[in-house]
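**Q** Sharing model-v3.cif here; it has mmCIF, C-alpha atoms and all ligand atoms.
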```
data_protein
loop_
_atom_site.label_atom_id
_atom_site.label_comp_id
_atom_site.auth_asym_id
_atom_site.auth_seq_id
_atom_site.Cartn_x
_atom_site.Cartn_y
_atom_site.Cartn_z
CA PRO K 7 9.31 -8.90 -39.89
CA GLN K 8 10.40 -8.78 -36.25
CA GLU K 9 12.66 -5.74 -36.79
CA ARG K 10 9.81 -3.75 -38.21
CA LYS K 11 7.60 -4.58 -35.24
CA ILE K 12 10.27 -3.51 -32.78
CA LEU K 13 10.93 -0.28 -34.66
CA SER K 14 7.22 0.44 -34.81
CA ALA K 15 6.89 -0.08 -31.05
CA VAL K 16 9.83 2.24 -30.38
CA LEU K 17 8.40 4.96 -32.61
CA GLU K 18 5.06 4.55 -30.88
CA LEU K 19 6.70 5.13 -27.49
CA LYS K 20 8.50 8.22 -28.74
CA SER K 21 5.62 9.86 -30.56
CA LYS K 22 2.38 9.00 -28.81
CA VAL K 23 1.23 11.01 -25.77
CA ILE K 24 -0.19 9.69 -22.50
CA GLY K 25 -3.53 11.40 -23.15
CA ARG K 26 -4.11 8.95 -26.02
CA VAL K 27 -3.80 5.82 -23.87
CA MET K 28 -5.15 6.90 -20.47
CA THR K 29 -8.44 5.91 -18.88
CA PRO K 30 -10.53 9.11 -18.62
CA ILE K 31 -11.21 10.27 -15.07
CA ASP K 32 -14.99 9.77 -15.36
CA LYS K 33 -14.38 6.08 -16.17
CA ALA K 34 -12.03 5.57 -13.23
CA PHE K 35 -13.23 3.68 -10.19
CA MET K 36 -12.28 5.85 -7.25
CA ILE K 37 -13.33 6.14 -3.64
CA ASP K 38 -13.77 9.01 -1.22
CA ILE K 39 -11.27 9.17 1.60
CA ASN K 40 -14.15 9.65 4.04
CA ALA K 41 -15.86 6.41 2.97
CA ASN K 42 -16.39 3.87 5.71
CA LEU K 43 -14.38 0.71 5.21
CA ASN K 44 -17.37 -1.51 5.74
CA GLN K 45 -18.43 -4.75 4.12
CA HIS K 46 -20.46 -2.89 1.50
CA LEU K 47 -17.42 -0.92 0.32
CA LEU K 48 -15.13 -3.95 0.40
CA LYS K 49 -17.63 -5.88 -1.75
CA GLN K 50 -17.77 -3.02 -4.22
CA ILE K 51 -13.97 -2.87 -4.40
CA TYR K 52 -13.83 -6.64 -4.88
CA SER K 53 -16.43 -6.64 -7.66
CA GLU K 54 -14.70 -3.80 -9.55
CA GLY K 55 -11.58 -5.94 -9.43
CA TYR K 56 -8.89 -3.27 -9.76
CA SER K 57 -5.55 -3.56 -7.97
CA ARG K 58 -5.18 0.20 -7.56
CA ILE K 59 -7.85 2.72 -6.65
CA PRO K 60 -7.37 6.48 -6.65
CA VAL K 61 -8.70 8.06 -3.45
CA TYR K 62 -10.23 11.54 -3.58
CA GLU K 63 -11.38 13.98 -0.96
CA GLY K 64 -14.68 15.81 -1.49
CA VAL K 65 -14.67 16.03 -5.28
CA ARG K 66 -13.36 13.45 -7.75
CA GLU K 67 -10.93 15.98 -9.19
CA ASN K 68 -9.14 16.19 -5.84
CA ILE K 69 -7.16 12.96 -5.71
CA VAL K 70 -5.12 12.61 -2.54
CA GLY K 71 -3.52 9.20 -2.94
CA LEU K 72 -3.69 5.63 -4.11
CA LEU K 73 -5.16 2.61 -2.37
CA MET K 74 -3.72 -0.81 -3.18
CA THR K 75 -6.50 -3.34 -2.81
CA ARG K 76 -4.04 -5.93 -1.55
CA ASP K 77 -3.40 -3.71 1.50
CA LEU K 78 -7.02 -4.28 2.51
CA VAL K 79 -6.16 -7.73 3.82
CA LEU K 80 -4.71 -5.82 6.77
CA ILE K 81 -8.15 -4.65 7.77
CA ASN K 82 -9.97 -6.28 10.60
CA LEU K 83 -13.57 -6.60 9.44
CA GLU K 84 -14.95 -6.79 12.96
CA ASN K 85 -13.79 -3.27 13.42
CA THR K 86 -15.78 -1.69 10.59
CA ILE K 87 -16.51 1.81 11.81
CA VAL K 88 -13.40 3.29 10.34
CA THR K 89 -12.79 5.49 7.30
CA ILE K 90 -9.92 5.31 4.81
CA LYS K 91 -8.82 8.68 6.18
CA GLN K 92 -8.43 7.25 9.68
CA LEU K 93 -6.17 4.53 8.26
CA SER K 94 -4.47 6.74 5.69
CA SER K 95 -1.02 6.28 7.20
CA ILE K 96 -1.13 2.57 6.33
CA LEU K 97 -3.48 2.61 3.33
CA LEU K 98 -2.69 5.70 1.28
CA ARG K 99 0.24 5.77 -1.10
CA ASP K 100 1.63 8.68 -3.07
CA VAL K 101 0.63 9.01 -6.68
CA ILE K 102 2.54 10.92 -9.33
CA ALA K 103 1.06 13.49 -11.70
CA ILE K 104 1.86 13.13 -15.40
CA ASP K 105 1.07 15.86 -17.88
CA VAL K 106 -1.37 14.72 -20.56
CA GLU K 107 1.11 15.70 -23.31
CA THR K 108 3.98 13.55 -21.95
CA LYS K 109 5.22 10.95 -24.43
CA LEU K 110 4.80 7.26 -23.54
CA GLU K 111 8.52 6.53 -23.35
CA PRO K 112 9.53 8.68 -20.33
CA VAL K 113 6.47 7.46 -18.44
CA LEU K 114 7.29 3.82 -19.12
CA SER K 115 10.89 4.42 -17.95
CA TYR K 116 9.66 6.14 -14.82
CA PHE K 117 7.24 3.31 -14.02
CA LYS K 118 10.01 0.73 -14.45
CA GLN K 119 12.64 2.61 -12.45
CA ASN K 120 10.33 3.40 -9.56
CA ASN K 121 8.44 0.13 -9.57
CA THR K 122 5.26 2.16 -9.98
CA HIS K 123 2.25 1.04 -11.95
CA MET K 124 -0.15 3.96 -11.98
CA GLY K 125 -0.04 7.72 -12.42
CA LEU K 126 -2.57 10.53 -12.53
CA VAL K 127 -2.89 12.33 -15.82
CA THR K 128 -3.20 16.08 -15.47
CA THR K 129 -3.55 19.21 -17.55
CA LYS K 130 -2.30 22.63 -16.60
CA SER K 131 -5.04 25.18 -16.47
CA LYS K 132 -4.61 28.83 -15.69
CA GLU K 133 -7.19 30.41 -13.48
CA ILE K 134 -7.85 34.08 -13.98
CA GLY K 135 -5.61 36.11 -11.72
CA SER K 136 -3.92 33.11 -10.12
CA GLU K 137 -1.11 30.69 -10.81
CA LEU K 138 -1.21 27.43 -12.75
CA THR K 139 -3.36 24.69 -11.34
CA LEU K 140 -3.37 21.00 -12.24
CA THR K 141 -6.60 19.32 -13.27
CA ASN K 142 -6.94 15.55 -13.16
CA VAL K 143 -8.18 14.24 -16.47
CA GLY K 144 -7.37 10.54 -16.22
CA ILE K 145 -5.36 7.66 -14.85
CA VAL K 146 -2.71 5.65 -16.65
CA THR K 147 -1.08 2.35 -15.82
CA ILE K 148 1.94 0.55 -17.23
CA GLU K 149 -0.63 -1.82 -18.74
CA ASP K 150 -2.11 0.98 -20.89
CA ILE K 151 1.32 1.73 -22.38
CA ILE K 152 2.27 -1.90 -23.05
CA GLU K 153 -1.18 -2.57 -24.49
CA GLU K 154 -0.70 0.30 -26.91
CA ILE K 155 2.60 -1.10 -28.20
CA LEU K 156 1.21 -4.62 -28.61
CA GLN K 157 -1.90 -3.29 -30.33
CA GLU K 158 0.27 -1.54 -32.88
CA GLU K 159 2.13 -4.78 -33.57
CA ILE K 160 -1.10 -6.66 -34.20
CA GLU K 161 -2.41 -3.94 -36.56
CA ASP K 162 0.84 -4.20 -38.51
CA GLU K 163 0.41 -7.87 -39.34
P1 LIG G 201 -5.42 -4.02 -12.74
O1 LIG G 201 -4.06 -4.44 -12.24
O2 LIG G 201 -6.26 -3.39 -11.67
O3 LIG G 201 -6.14 -5.06 -13.53
P2 LIG G 201 -4.08 -2.70 -14.91
O4 LIG G 201 -2.96 -1.84 -14.43
O5 LIG G 201 -3.75 -4.05 -15.45
O6 LIG G 201 -5.17 -2.81 -13.75
O7 LIG G 201 -4.89 -1.88 -16.00
C1 LIG G 201 -5.90 -2.45 -16.79
C2 LIG G 201 -6.81 -1.35 -17.32
O8 LIG G 201 -7.67 -0.89 -16.26
C3 LIG G 201 -6.08 -0.11 -17.82
O9 LIG G 201 -6.76 0.41 -18.94
C4 LIG G 201 -6.17 0.87 -16.65
O10 LIG G 201 -6.13 2.22 -17.06
C5 LIG G 201 -7.52 0.50 -16.07
N1 LIG G 201 -7.63 0.75 -14.63
C6 LIG G 201 -6.74 0.42 -13.65
N2 LIG G 201 -7.20 0.80 -12.44
C7 LIG G 201 -8.42 1.38 -12.65
C8 LIG G 201 -9.42 1.99 -11.79
N3 LIG G 201 -9.27 2.10 -10.47
N4 LIG G 201 -10.54 2.48 -12.40
C9 LIG G 201 -10.72 2.39 -13.75
N5 LIG G 201 -9.82 1.85 -14.59
C10 LIG G 201 -8.69 1.35 -14.06
#
```
Kindly return the structure encoded in the file as structure tokens.

**A**
Amino acid sequence: PQERKILSAVLELKSKVIGRVMTPIDKAFMIDINANLNQHLLKQIYSEGYSRIPVYEGVRENIVGLLMTRDLVLINLENTIVTIKQLSSILLRDVIAIDVETKLEPVLSYFKQNNTHMGLVTTKSKEIGSELTLTNVGIVTIEDIIEEILQEEIEDE
């Protein structure tokens, strides 16, 4: 029955953690901030097909922002010798960090309230003799959360 489906979805949101629904970092399509915005890169971005691309600097674990592919229409292709970094003021957006143990519900609320679609999933790791550091382990979008709820409904049938 409908009530049971709704209840199941609510329980799912309250009990399941983000780490269970995220896309692992090694599966994420990301680009280096020092990459040249040339035709080759734009083709690659187009063929991957994602609307949001995490941008890292140096190593993939060091994510510095988010690129919205739709913002790339602003780029003048004749002027190709430019990196993302050089255009970071117009191309890079802030991205929030979400602990891997966070339940789905607060993340979904945050996404809705802030009109945000993607977050970085992180774990806290303690380095010997220093303070806590965050390690990026994945990315999560509002789609991953909604998908999880719908999946549960289908399994229930
Ligand atoms: P899009 O709008 O780009 O199609 P969605 O937010 O609908 O992306 O998410 C669809 C799936 O793709 C989700 O599982 C999400 O985690 C994953 N995803 C989104 N962006 C990326 C990316 N840059 N690299 C890898 N996976 C991604």

**Q** Could you list, as number ranges by chain, all the residues within 7 Å of ligand LIG 201 (chain G), counting all atoms listed in the file?

**A** K: 28-29, 33-36, 55-60, 123-124, 145-150

**Q** Would you list the residues near (-14.7, 7.9, -2.7) (no more than 10 Å away, in the coordinates of the file, using only C-alpha atoms) as a ChimeraX atom specification?

**A** /K:35-42,47,59-66,69,90

**Q** Restricting the calculation to all atoms listed in the file: of K:Ile31, K:Leu114, K:Val79, K:Leu98, which residue gets closest to K:Gly144?

**A** K:Ile31

**Q** Here is a test: counting all atoms listed in the file, which residue of K:Leu48, K:Leu17, K:Leu140, K:Val27 is nearest to K:Glu154?

**A**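 Checking each candidate against K:Glu154, we get K:Val27 as the closest.
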
**Q** Find the distance between atom CA of K:Leu78 and atom CA of K:Asn121 and write it in Å to one decimal.

**A** 20.1 Å

**Q** Interatomic distance between atom CA of K:Val88 and atom CA of K:Glu67?

**A** 23.4 Å

**Q** Would you please work out which residue, of K:Thr122, K:Asn82, K:Ser53, K:Ser115, is nearest to K:Val101 when using all atoms listed in the file?

**A**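 Smallest separation from K:Val101 among the options: K:Thr122.
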
**Q** Take atom CA of K:Gly71 and atom CA of K:Tyr116 and report the distance between them in Å, one decimal.

**A** 18.0 Å

**Q** Extending 8 Å beyond the listed atoms of stretch 13-17 of chain K on each side, what axis-aligned box results? I want centre and edge lengths in Å to one decimal, as lines of an AutoDock Vina configuration file.

**A**
```
center_x = 8.9
center_y = 2.3
center_z = -32.6
size_x = 20.0
size_y = 21.2
size_z = 20.4
```

**Q** Which residues are close to K:Thr141, i.e. within 8 Å by all atoms listed in the file, leaving aside same-chain residues fewer than 2 positions away? Reply as a PyMOL selection string.

**A** chain K and resi 67+128-131+139+143

**Q** For K:Val70, which residue out of K:Lys20, K:Leu126, K:Gln8, K:Lys109 is the nearest one, using only C-alpha atoms?

**A**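 Closest residue, counting only C-alpha atoms: K:Leu126.
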
**Q** Measuring between all atoms listed in the file, which one of K:Gln157, K:Asn142, K:Thr75, K:Thr89 shows the shortest distance to K:Pro30?

**A** K:Asn142

**Q** In terms of the shortest atom-to-atom distance over all atoms listed in the file, which of K:Met74, K:Asn68, K:Ile155, K:Leu110 is closest to K:Ser94?

**A**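 Going through K:Met74, K:Asn68, K:Ile155, K:Leu110 one by one, the smallest distance to K:Ser94 is for K:Met74.
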
**Q** N, CA and C atoms are what I want for stretch 120-139 of chain K; can you complete it accordingly and write them as a PDB file, keeping the file's coordinate frame?

**A**
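For reference, result.pdb as written:
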```
ATOM      1  N   ASN K 120      10.867   3.167 -10.898  1.00  0.00           N
ATOM      2  CA  ASN K 120      10.330   3.400  -9.560  1.00  0.00           C
ATOM      3  C   ASN K 120       9.406   2.288  -9.085  1.00  0.00           C
ATOM      4  N   ASN K 121       9.328   1.232  -9.880  1.00  0.00           N
ATOM      5  CA  ASN K 121       8.440   0.130  -9.570  1.00  0.00           C
ATOM      6  C   ASN K 121       7.025   0.626  -9.249  1.00  0.00           C
ATOM      7  N   THR K 122       6.579   1.557 -10.112  1.00  0.00           N
ATOM      8  CA  THR K 122       5.260   2.160  -9.980  1.00  0.00           C
ATOM      9  C   THR K 122       4.395   1.646 -11.121  1.00  0.00           C
ATOM     10  N   HIS K 123       3.103   1.540 -10.889  1.00  0.00           N
ATOM     11  CA  HIS K 123       2.250   1.040 -11.950  1.00  0.00           C
ATOM     12  C   HIS K 123       1.199   2.023 -12.422  1.00  0.00           C
ATOM     13  N   MET K 124       0.917   3.035 -11.590  1.00  0.00           N
ATOM     14  CA  MET K 124      -0.150   3.960 -11.980  1.00  0.00           C
ATOM     15  C   MET K 124       0.234   5.411 -11.718  1.00  0.00           C
ATOM     16  N   GLY K 125      -0.221   6.290 -12.612  1.00  0.00           N
ATOM     17  CA  GLY K 125      -0.040   7.720 -12.420  1.00  0.00           C
ATOM     18  C   GLY K 125      -1.328   8.449 -12.723  1.00  0.00           C
ATOM     19  N   LEU K 126      -1.419   9.685 -12.231  1.00  0.00           N
ATOM     20  CA  LEU K 126      -2.570  10.530 -12.530  1.00  0.00           C
ATOM     21  C   LEU K 126      -2.225  11.376 -13.728  1.00  0.00           C
ATOM     22  N   VAL K 127      -3.147  11.499 -14.658  1.00  0.00           N
ATOM     23  CA  VAL K 127      -2.890  12.330 -15.820  1.00  0.00           C
ATOM     24  C   VAL K 127      -3.530  13.695 -15.591  1.00  0.00           C
ATOM     25  N   THR K 128      -2.724  14.730 -15.787  1.00  0.00           N
ATOM     26  CA  THR K 128      -3.200  16.080 -15.470  1.00  0.00           C
ATOM     27  C   THR K 128      -2.989  17.041 -16.635  1.00  0.00           C
ATOM     28  N   THR K 129      -3.776  18.099 -16.617  1.00  0.00           N
ATOM     29  CA  THR K 129      -3.550  19.210 -17.550  1.00  0.00           C
ATOM     30  C   THR K 129      -3.290  20.450 -16.719  1.00  0.00           C
ATOM     31  N   LYS K 130      -2.536  21.347 -17.281  1.00  0.00           N
ATOM     32  CA  LYS K 130      -2.300  22.630 -16.600  1.00  0.00           C
ATOM     33  C   LYS K 130      -3.384  23.588 -17.050  1.00  0.00           C
ATOM     34  N   SER K 131      -4.040  24.187 -16.093  1.00  0.00           N
ATOM     35  CA  SER K 131      -5.040  25.180 -16.470  1.00  0.00           C
ATOM     36  C   SER K 131      -4.776  26.453 -15.681  1.00  0.00           C
ATOM     37  N   LYS K 132      -4.906  27.547 -16.349  1.00  0.00           N
ATOM     38  CA  LYS K 132      -4.610  28.830 -15.690  1.00  0.00           C
ATOM     39  C   LYS K 132      -5.932  29.430 -15.246  1.00  0.00           C
ATOM     40  N   GLU K 133      -5.983  29.743 -13.969  1.00  0.00           N
ATOM     41  CA  GLU K 133      -7.190  30.410 -13.480  1.00  0.00           C
ATOM     42  C   GLU K 133      -6.946  31.909 -13.519  1.00  0.00           C
ATOM     43  N   ILE K 134      -7.987  32.630 -13.834  1.00  0.00           N
ATOM     44  CA  ILE K 134      -7.850  34.080 -13.980  1.00  0.00           C
ATOM     45  C   ILE K 134      -7.282  34.702 -12.694  1.00  0.00           C
ATOM     46  N   GLY K 135      -6.205  35.400 -12.856  1.00  0.00           N
ATOM     47  CA  GLY K 135      -5.610  36.110 -11.720  1.00  0.00           C
ATOM     48  C   GLY K 135      -4.841  35.233 -10.739  1.00  0.00           C
ATOM     49  N   SER K 136      -4.687  33.941 -11.053  1.00  0.00           N
ATOM     50  CA  SER K 136      -3.920  33.110 -10.120  1.00  0.00           C
ATOM     51  C   SER K 136      -2.908  32.261 -10.886  1.00  0.00           C
ATOM     52  N   GLU K 137      -2.144  31.486 -10.154  1.00  0.00           N
ATOM     53  CA  GLU K 137      -1.110  30.690 -10.810  1.00  0.00           C
ATOM     54  C   GLU K 137      -1.684  29.421 -11.457  1.00  0.00           C
ATOM     55  N   LEU K 138      -0.798  28.661 -12.065  1.00  0.00           N
ATOM     56  CA  LEU K 138      -1.210  27.430 -12.750  1.00  0.00           C
ATOM     57  C   LEU K 138      -1.771  26.410 -11.764  1.00  0.00           C
ATOM     58  N   THR K 139      -2.836  25.778 -12.160  1.00  0.00           N
ATOM     59  CA  THR K 139      -3.360  24.690 -11.340  1.00  0.00           C
ATOM     60  C   THR K 139      -3.404  23.422 -12.182  1.00  0.00           C
TER      61      THR K 139
END
```
